[in-house]
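J.: I'm passing along query.cif; it holds mmCIF, C-alpha atoms.
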```cif
data_model
#
loop_
_atom_site.label_atom_id
_atom_site.label_comp_id
_atom_site.auth_asym_id
_atom_site.auth_seq_id
_atom_site.Cartn_x
_atom_site.Cartn_y
_atom_site.Cartn_z
CA GLN A 1 134.96 176.80 237.72
CA THR A 2 133.54 179.08 240.41
CA GLU A 3 134.39 182.51 241.71
CA VAL A 4 135.33 182.16 245.36
CA VAL A 5 133.51 184.85 247.30
CA ALA A 6 134.27 183.46 250.74
CA ALA A 7 136.30 180.55 252.04
CA VAL A 8 135.23 179.07 255.35
CA HIS A 9 137.51 177.37 257.86
CA TYR A 10 135.53 174.95 260.00
CA VAL A 11 137.15 174.23 263.36
CA GLY A 12 135.51 171.01 264.45
CA GLU A 13 135.65 168.44 267.20
CA ASN A 14 138.81 166.34 267.00
CA SER A 15 137.48 162.80 267.10
CA SER A 16 137.47 159.78 264.81
CA THR A 17 133.72 160.06 264.24
CA ALA A 18 133.57 163.79 263.59
CA ARG A 19 136.62 164.27 261.38
CA GLY A 20 136.59 164.56 257.61
CA TYR A 21 134.72 166.21 254.79
CA GLY A 22 132.05 163.54 254.80
CA ARG A 23 130.99 164.29 258.35
CA LEU A 24 131.34 168.04 257.80
CA ALA A 25 129.15 167.82 254.70
CA TYR A 26 126.51 166.03 256.73
CA GLU A 27 126.59 168.64 259.47
CA VAL A 28 126.19 171.57 257.08
CA GLY A 29 123.39 170.09 255.03
CA ALA A 30 124.33 166.85 253.29
CA GLU A 31 121.36 165.06 254.79
CA ASP A 32 119.82 166.39 251.59
CA GLY A 33 122.25 164.07 249.78
CA GLN A 34 122.78 160.33 249.96
CA GLY A 35 124.36 158.50 252.87
CA SER A 36 125.07 154.90 253.76
CA ILE A 37 126.19 153.14 256.93
CA GLY A 38 127.91 149.78 256.83
CA PRO A 39 126.87 146.98 259.18
CA ALA A 40 128.42 147.09 262.64
CA TRP A 41 129.50 143.43 262.42
CA SER A 42 131.56 144.01 259.27
CA SER A 43 135.27 144.57 259.87
CA GLU A 44 135.74 146.01 256.38
CA ASP A 45 132.62 148.06 255.73
CA ARG A 46 131.28 149.51 258.97
CA THR A 47 131.94 153.15 258.18
CA ALA A 48 129.47 155.85 257.22
CA THR A 49 129.82 157.52 253.82
CA PHE A 50 128.09 160.57 252.38
CA GLU A 51 127.72 161.47 248.71
CA TYR A 52 126.87 164.80 247.14
CA THR A 53 123.85 165.14 244.87
CA PRO A 54 123.12 167.73 242.15
CA GLU A 55 120.76 169.54 244.53
CA MET A 56 123.73 170.36 246.78
CA GLN A 57 125.74 172.33 244.20
CA GLY A 58 124.68 175.64 245.73
CA TYR A 59 126.06 174.70 249.15
CA ASN A 60 129.61 175.66 248.05
CA LEU A 61 131.12 172.99 250.28
CA ARG A 62 134.24 173.03 248.09
CA ASN A 63 135.05 176.43 249.63
CA MET A 64 135.26 174.96 253.12
CA ARG A 65 138.36 173.67 254.82
CA ILE A 66 138.56 171.57 257.97
CA VAL A 67 141.06 172.82 260.54
CA GLU A 68 141.92 170.98 263.74
CA VAL A 69 143.04 173.29 266.51
CA GLU A 70 143.41 173.40 270.28
CA LEU A 71 141.47 176.52 271.27
CA LEU A 72 143.32 176.67 274.58
CA ASP A 73 146.62 177.13 272.72
CA PRO A 74 147.08 180.84 271.84
CA VAL A 75 149.77 180.07 269.25
CA GLN A 76 147.47 177.82 267.26
CA CYS A 77 144.66 180.38 267.54
CA ASN A 78 146.94 183.13 266.20
CA THR A 79 147.89 180.89 263.29
CA ILE A 80 144.38 180.01 262.14
CA THR A 81 143.13 183.60 262.37
CA GLU A 82 145.75 185.01 260.00
CA ASP A 83 144.02 186.73 257.04
CA VAL A 84 140.60 185.98 258.56
CA ASP A 85 137.89 188.65 258.23
CA SER A 86 135.21 187.20 260.52
CA VAL A 87 134.82 184.54 263.18
CA VAL A 88 131.60 182.77 264.15
CA TRP A 89 132.08 181.48 267.70
CA CYS A 90 130.00 178.41 268.63
CA ALA A 91 132.57 176.56 270.74
CA THR A 92 131.53 175.30 274.16
CA ASP A 93 132.53 172.91 276.90
CA PHE A 94 128.87 171.99 277.44
CA ASN A 95 126.22 169.67 276.04
CA GLY A 96 123.15 171.75 276.76
CA ASN A 97 123.93 173.06 280.24
CA THR A 98 125.98 170.05 281.36
CA PRO A 99 129.79 169.83 280.99
CA ARG A 100 130.76 167.40 278.23
CA ALA A 101 133.02 165.42 280.55
CA VAL A 102 129.94 164.65 282.66
CA SER A 103 127.17 164.34 280.08
CA GLY A 104 129.11 162.11 277.68
CA LEU A 105 131.55 160.40 280.07
CA ASN A 106 134.24 161.60 277.67
CA VAL A 107 137.53 160.10 278.83
CA ALA A 108 139.59 162.77 277.04
CA PHE A 109 137.75 165.63 278.75
CA LEU A 110 137.88 163.87 282.12
CA PHE A 111 141.64 163.27 281.74
CA ARG A 112 142.21 166.91 280.81
CA ALA A 113 140.21 168.09 283.81
CA ILE A 114 142.16 165.84 286.20
CA ALA A 115 145.66 166.09 284.69
CA ASP A 116 145.62 169.84 284.08
CA PRO A 117 142.71 171.48 285.91
CA THR A 118 144.12 174.99 285.41
CA LYS A 119 144.55 174.68 281.65
CA GLY A 120 141.44 176.72 281.02
CA ARG A 121 137.93 176.79 279.71
CA VAL A 122 136.87 177.04 276.10
CA GLU A 123 134.17 179.55 277.10
CA ILE A 124 136.71 181.95 278.62
CA GLU A 125 140.38 181.29 277.83
CA GLY A 126 139.61 179.70 274.45
CA LEU A 127 137.43 182.68 273.54
CA ARG A 128 140.18 185.13 274.51
CA ASN A 129 142.70 183.21 272.43
CA ILE A 130 140.65 183.16 269.24
CA ILE A 131 139.34 186.73 269.40
CA GLY A 132 142.80 187.94 270.43
CA GLY A 133 144.26 186.25 267.36
CA LEU A 134 141.59 187.85 265.17
CA LYS A 135 142.36 191.29 266.62
CA ASN A 136 146.12 190.87 266.08
CA ALA A 137 145.59 189.78 262.47
CA LYS A 138 143.26 192.67 261.68
CA GLN A 139 145.54 195.14 263.44
CA SER A 140 148.52 194.03 261.36
CA ARG A 141 146.55 194.38 258.13
CA LYS A 142 145.31 197.84 259.14
CA TRP A 143 148.83 199.04 259.94
CA SER A 144 150.01 197.78 256.55
CA ARG A 145 147.17 199.60 254.77
CA ASP A 146 147.78 202.83 256.70
CA ARG A 147 151.50 202.75 255.92
CA ALA A 148 150.81 202.13 252.24
CA ALA A 149 148.40 205.08 252.19
CA ASP A 150 150.76 207.24 254.28
CA ILE A 151 148.17 207.68 257.03
CA GLU A 152 149.72 208.60 260.37
CA GLU A 153 146.67 207.90 262.55
CA GLY A 154 143.61 206.17 261.15
CA SER A 155 140.29 205.12 262.64
CA ALA A 156 140.25 203.14 265.88
CA SER A 157 138.00 200.55 264.26
CA LEU A 158 139.69 197.57 262.64
CA ASP A 159 136.86 197.06 260.13
CA GLY A 160 136.72 198.48 256.65
CA PRO A 161 133.60 200.30 255.37
CA ASN A 162 132.23 197.23 253.56
CA ASP A 163 133.49 194.51 255.88
CA PRO A 164 131.16 192.03 257.59
CA LEU A 165 130.99 191.96 261.38
CA SER A 166 134.28 190.77 262.80
CA PHE A 167 132.85 188.48 265.46
CA VAL A 168 129.50 186.74 265.79
CA MET A 169 129.12 184.94 269.10
CA VAL A 170 126.55 182.18 269.50
CA SER A 171 125.61 182.11 273.17
CA ALA A 172 122.73 180.65 275.17
CA ALA A 173 119.71 182.63 276.31
CA GLU A 174 119.63 183.04 280.06
CA GLU A 175 116.39 181.09 280.46
CA ALA A 176 117.04 178.43 277.81
CA PHE A 177 118.41 175.99 280.41
CA ASN A 178 118.46 175.57 284.14
CA ASP A 179 121.73 176.70 285.67
CA PHE A 180 124.46 174.11 286.32
CA GLU A 181 127.26 174.49 288.86
CA THR A 182 130.79 173.60 287.72
CA PRO A 183 134.18 173.95 289.47
CA TYR A 184 134.82 177.02 287.29
CA GLY A 185 131.45 178.72 287.83
CA THR A 186 127.83 178.29 286.78
CA PHE A 187 126.70 177.60 283.23
CA ASN A 188 124.94 180.96 282.88
CA GLY A 189 127.77 182.74 284.67
CA LEU A 190 130.33 181.44 282.17
CA LYS A 191 128.12 182.42 279.22
CA ARG A 192 127.66 185.97 280.51
CA GLU A 193 131.38 186.29 281.31
CA GLY A 194 132.24 185.28 277.76
CA GLU A 195 129.82 187.87 276.38
CA ASP A 196 131.43 190.55 278.55
CA ILE A 197 134.87 189.61 277.20
CA VAL A 198 133.69 190.29 273.65
CA LYS A 199 131.99 193.58 274.55
CA LYS A 200 134.50 195.08 276.99
CA GLU A 201 137.94 193.67 276.19
CA PHE A 202 137.84 193.98 272.39
CA PRO A 203 135.92 197.20 271.59
CA SER A 204 137.79 197.75 268.31
CA LEU A 205 136.16 194.64 266.79
CA SER A 206 132.57 194.87 265.61
CA HIS A 207 130.45 192.09 267.03
CA ALA A 208 127.00 190.62 267.46
CA ILE A 209 126.02 188.33 270.33
CA LEU A 210 123.15 185.95 269.53
CA GLN A 211 121.65 184.39 272.64
CA MET A 212 119.93 181.34 271.18
CA SER A 213 116.83 179.89 272.79
CA ARG A 214 116.73 176.13 273.31
CA TYR A 215 117.25 174.12 270.12
CA GLU A 216 114.32 171.93 269.08
CA ASP A 217 114.47 170.08 265.75
CA ASN A 218 111.67 167.53 266.24
CA PHE A 219 108.72 169.77 267.09
CA VAL A 220 109.77 173.16 265.69
CA GLU A 221 109.68 173.52 261.92
CA GLU A 222 112.57 174.81 259.88
CA GLY A 223 112.21 178.01 257.91
CA LEU A 224 110.13 180.01 260.40
CA GLY A 225 110.62 183.73 260.76
CA LEU A 226 113.43 184.78 263.09
CA LEU A 227 112.32 186.71 266.17
CA ARG A 228 114.74 188.87 268.13
CA GLU A 229 114.63 190.72 271.43
CA GLU A 230 117.18 193.19 272.74
CA GLY A 231 116.95 193.69 276.48
CA LYS A 232 114.36 192.24 278.85
CA ASP A 233 111.94 195.06 279.58
CA ASP A 234 108.84 192.84 279.79
CA GLU A 235 109.22 190.54 282.79
CA SER A 236 105.88 188.80 282.11
CA VAL A 237 107.22 186.98 279.03
CA GLU A 238 107.88 183.25 279.47
CA ARG A 239 111.26 183.16 277.79
CA SER A 240 111.96 179.60 278.92
CA ARG A 241 109.37 178.36 276.39
CA ARG A 242 111.10 179.88 273.38
CA ARG A 243 112.52 177.41 270.86
CA ILE A 244 114.44 177.44 267.57
CA ASN A 245 115.35 174.84 264.95
CA ARG A 246 119.12 174.41 264.56
CA ARG A 247 119.01 175.24 260.86
CA ASP A 248 117.20 178.49 261.59
CA ALA A 249 119.84 179.24 264.22
CA ALA A 250 122.52 178.72 261.54
CA ARG A 251 120.59 181.05 259.22
CA ALA A 252 120.44 183.69 261.94
CA VAL A 253 124.22 183.50 262.34
CA SER A 254 124.97 183.84 258.63
CA GLU A 255 122.55 186.77 258.27
CA ALA A 256 124.08 188.49 261.31
CA LEU A 257 127.46 188.76 259.57
CA THR A 258 126.10 191.41 257.19
CA ASP A 259 123.27 192.90 259.28
CA GLU A 260 124.32 196.42 260.26
CA THR A 261 121.43 196.70 262.73
CA LEU A 262 123.07 194.01 264.89
CA CYS A 263 126.46 195.70 265.10
CA ASP A 264 127.64 195.68 268.74
CA LYS A 265 124.24 194.38 269.90
CA THR A 266 123.20 191.48 272.15
CA VAL A 267 119.88 189.89 271.16
CA GLU A 268 117.91 186.79 272.08
CA VAL A 269 116.84 184.74 269.04
CA TRP A 270 113.94 182.28 268.65
CA THR A 271 111.29 181.24 266.14
CA GLN A 272 108.49 179.67 268.20
CA VAL A 273 107.09 179.50 271.73
CA ARG A 274 106.09 176.04 272.95
#
```
Just give me the structure of the file as structure tokens.

T.:
Amino acid sequence: QTEVVAAVHYVGENSSTARGYGRLAYEVGAEDGQGSIGPAWSSEDRTATFEYTPEMQGYNLRNMRIVEVELLDPVQCNTITEDVDSVVWCATDFNGNTPRAVSGLNVAFLFRAIADPTKGRVEIEGLRNIIGGLKNAKQSRKWSRDRAADIEEGSASLDGPNDPLSFVMVSAAEEAFNDFETPYGTFNGLKREGEDIVKKEFPSLSHAILQMSRYEDNFVEEGLGLLREEGKDDESVERSRRRINRRDAARAVSEALTDETLCDKTVEVWTQVR
């Protein structure tokens, strides 16, 4: 028996290798547990399995739910954001700075690009769909509260006094990667456009934009102190050398949800310079 403080909906990649609680558990920390991979030549036992261990009890994975959704479908985005307090946005059409359809020769992405080139981009249209759904859900709850309290005109903010930040956006630092030209714009251009959507089109939602430096898990230790920079006043700094371990990036995101000093701020985040 546990008291549920927060339930997390994980919107993950829809593929046969990434679906399921086993894979989700691995991605959020089950490498601390036990895993096994069957031989590739076996027709019956060539799947990967992951088992929990007593050390993982504090991970609260039982409070997580996997949700498959098409981010370019506004109806689905409205549905999954009902009764949601906060969204952490990590979705992207890129591997690094290269479109997934190119970097991974993903047939599904290539087909989508050819069959329906105007369908949209996760970085722009997908972002608008999910944050628009969050705003609609919060607006409806606020109207219900105001009516119940007989308040004719309340605050313009959709957040309560003790609520976490409504939207934490994980973006890429401008100098983390070289720019990459796509039919829809450059890599850095799309990232900055998405950040502007959060800041300018949805001012009633509190937010924090974390521009992550390049991820490095092999040569940057986990558990280092998080370093943040708001603005770029010092042009002599070599920002392209900044690095961060993925687990520290995840820690930065979770801490940002309740960090009042980050409210409506855009900061670059890193742990080490290499």

J.: Which one of A:Leu158, A:Leu72, A:Ala91, A:Val170 sits closest to Asn129 in chain A if you count all atoms listed in the file?

T.: A:Leu72

J.: Can you turn the PyMOL selection byres ((chain A and resi 123) around 9) into a concrete residue list for this file, as a PDB file with C-alpha atoms, in the frame of the given file?

T.:
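Wrote it out as part.pdb, contents follow:
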```pdb
ATOM      1  CA  ALA A  91     132.570 176.560 270.740  1.00  0.00           C
ATOM      2  CA  THR A  92     131.530 175.300 274.160  1.00  0.00           C
ATOM      3  CA  ASP A  93     132.530 172.910 276.900  1.00  0.00           C
ATOM      4  CA  GLY A 120     141.440 176.720 281.020  1.00  0.00           C
ATOM      5  CA  ARG A 121     137.930 176.790 279.710  1.00  0.00           C
ATOM      6  CA  VAL A 122     136.870 177.040 276.100  1.00  0.00           C
ATOM      7  CA  ILE A 124     136.710 181.950 278.620  1.00  0.00           C
ATOM      8  CA  GLU A 125     140.380 181.290 277.830  1.00  0.00           C
ATOM      9  CA  GLY A 126     139.610 179.700 274.450  1.00  0.00           C
ATOM     10  CA  LEU A 127     137.430 182.680 273.540  1.00  0.00           C
ATOM     11  CA  ARG A 128     140.180 185.130 274.510  1.00  0.00           C
ATOM     12  CA  LEU A 190     130.330 181.440 282.170  1.00  0.00           C
ATOM     13  CA  LYS A 191     128.120 182.420 279.220  1.00  0.00           C
ATOM     14  CA  GLU A 193     131.380 186.290 281.310  1.00  0.00           C
ATOM     15  CA  GLY A 194     132.240 185.280 277.760  1.00  0.00           C
TER      16      GLY A 194
END
```

J.: Contacts between range 235-257 of chain A and range 126-180 of chain A, please, where a residue of range 126-180 of chain A counts if it comes within 12 Å (with only C-alpha atoms); show its shortest atom pair and distance in Å to one decimal, rows by chain and ascending number, as JSON lines.

T.:
```
{"residue": "A:Asn162", "atom": "CA", "partner": "A:Leu257", "partner_atom": "CA", "distance": 11.4}
{"residue": "A:Asp163", "atom": "CA", "partner": "A:Leu257", "partner_atom": "CA", "distance": 9.1}
{"residue": "A:Pro164", "atom": "CA", "partner": "A:Leu257", "partner_atom": "CA", "distance": 5.3}
{"residue": "A:Leu165", "atom": "CA", "partner": "A:Leu257", "partner_atom": "CA", "distance": 5.1}
{"residue": "A:Ser166", "atom": "CA", "partner": "A:Leu257", "partner_atom": "CA", "distance": 7.8}
{"residue": "A:Phe167", "atom": "CA", "partner": "A:Leu257", "partner_atom": "CA", "distance": 8.0}
{"residue": "A:Val168", "atom": "CA", "partner": "A:Leu257", "partner_atom": "CA", "distance": 6.9}
{"residue": "A:Met169", "atom": "CA", "partner": "A:Val253", "partner_atom": "CA", "distance": 8.5}
{"residue": "A:Val170", "atom": "CA", "partner": "A:Val253", "partner_atom": "CA", "distance": 7.6}
{"residue": "A:Ser171", "atom": "CA", "partner": "A:Val253", "partner_atom": "CA", "distance": 11.0}
{"residue": "A:Ala172", "atom": "CA", "partner": "A:Ala249", "partner_atom": "CA", "distance": 11.4}
{"residue": "A:Ala173", "atom": "CA", "partner": "A:Arg239", "partner_atom": "CA", "distance": 8.6}
{"residue": "A:Glu174", "atom": "CA", "partner": "A:Ser240", "partner_atom": "CA", "distance": 8.5}
{"residue": "A:Glu175", "atom": "CA", "partner": "A:Ser240", "partner_atom": "CA", "distance": 4.9}
{"residue": "A:Ala176", "atom": "CA", "partner": "A:Ser240", "partner_atom": "CA", "distance": 5.3}
{"residue": "A:Phe177", "atom": "CA", "partner": "A:Ser240", "partner_atom": "CA", "distance": 7.5}
{"residue": "A:Asn178", "atom": "CA", "partner": "A:Ser240", "partner_atom": "CA", "distance": 9.3}
```

J.: Could you take the residues named above and write them with C-alpha atoms, as a PDB file, keeping the file's coordinate frame?

T.:
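What landed in again_5.pdb:
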```
ATOM      1  CA  ASN A 162     132.230 197.230 253.560  1.00  0.00           C
ATOM      2  CA  ASP A 163     133.490 194.510 255.880  1.00  0.00           C
ATOM      3  CA  PRO A 164     131.160 192.030 257.590  1.00  0.00           C
ATOM      4  CA  LEU A 165     130.990 191.960 261.380  1.00  0.00           C
ATOM      5  CA  SER A 166     134.280 190.770 262.800  1.00  0.00           C
ATOM      6  CA  PHE A 167     132.850 188.480 265.460  1.00  0.00           C
ATOM      7  CA  VAL A 168     129.500 186.740 265.790  1.00  0.00           C
ATOM      8  CA  MET A 169     129.120 184.940 269.100  1.00  0.00           C
ATOM      9  CA  VAL A 170     126.550 182.180 269.500  1.00  0.00           C
ATOM     10  CA  SER A 171     125.610 182.110 273.170  1.00  0.00           C
ATOM     11  CA  ALA A 172     122.730 180.650 275.170  1.00  0.00           C
ATOM     12  CA  ALA A 173     119.710 182.630 276.310  1.00  0.00           C
ATOM     13  CA  GLU A 174     119.630 183.040 280.060  1.00  0.00           C
ATOM     14  CA  GLU A 175     116.390 181.090 280.460  1.00  0.00           C
ATOM     15  CA  ALA A 176     117.040 178.430 277.810  1.00  0.00           C
ATOM     16  CA  PHE A 177     118.410 175.990 280.410  1.00  0.00           C
ATOM     17  CA  ASN A 178     118.460 175.570 284.140  1.00  0.00           C
TER      18      ASN A 178
END
```

J.: With distances taken over all atoms listed in the file, which residue among A:Leu210, A:Val88, A:Gln34, A:Lys142 lies nearest Pro54 in chain A?

T.: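 Nearest to Pro54 in chain A: A:Gln34.
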
J.: State, in Å with one decimal place, the distance from CA of Glu222 in chain A to CA of Thr271 in chain A.

T.: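 CA of Glu222 in chain A sits 9.1 Å away from CA of Thr271 in chain A.
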
J.: Just say which residues the PyMOL selection byres ((chain A and resi 159) around 12) picks in this file, as a ChimeraX atom specification.

T.: /A:84-86,134-135,137-139,141-142,145,154-158,160-167,203-207,263

J.: Under the rule that only C-alpha atoms are counted, which of A:Tyr184, A:Phe94, A:Tyr52, A:Trp270 is the nearest residue to Leu224 in chain A?

T.: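 Distance minimum relative to Leu224 in chain A lands on A:Trp270.
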
J.: Of the residues A:Val267, A:Val67, A:Ala40, A:Ile130, which is the one nearest to Ala208 in chain A, using all atoms listed in the file?

T.: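 For Ala208 in chain A, the nearest of the candidates is A:Val267.
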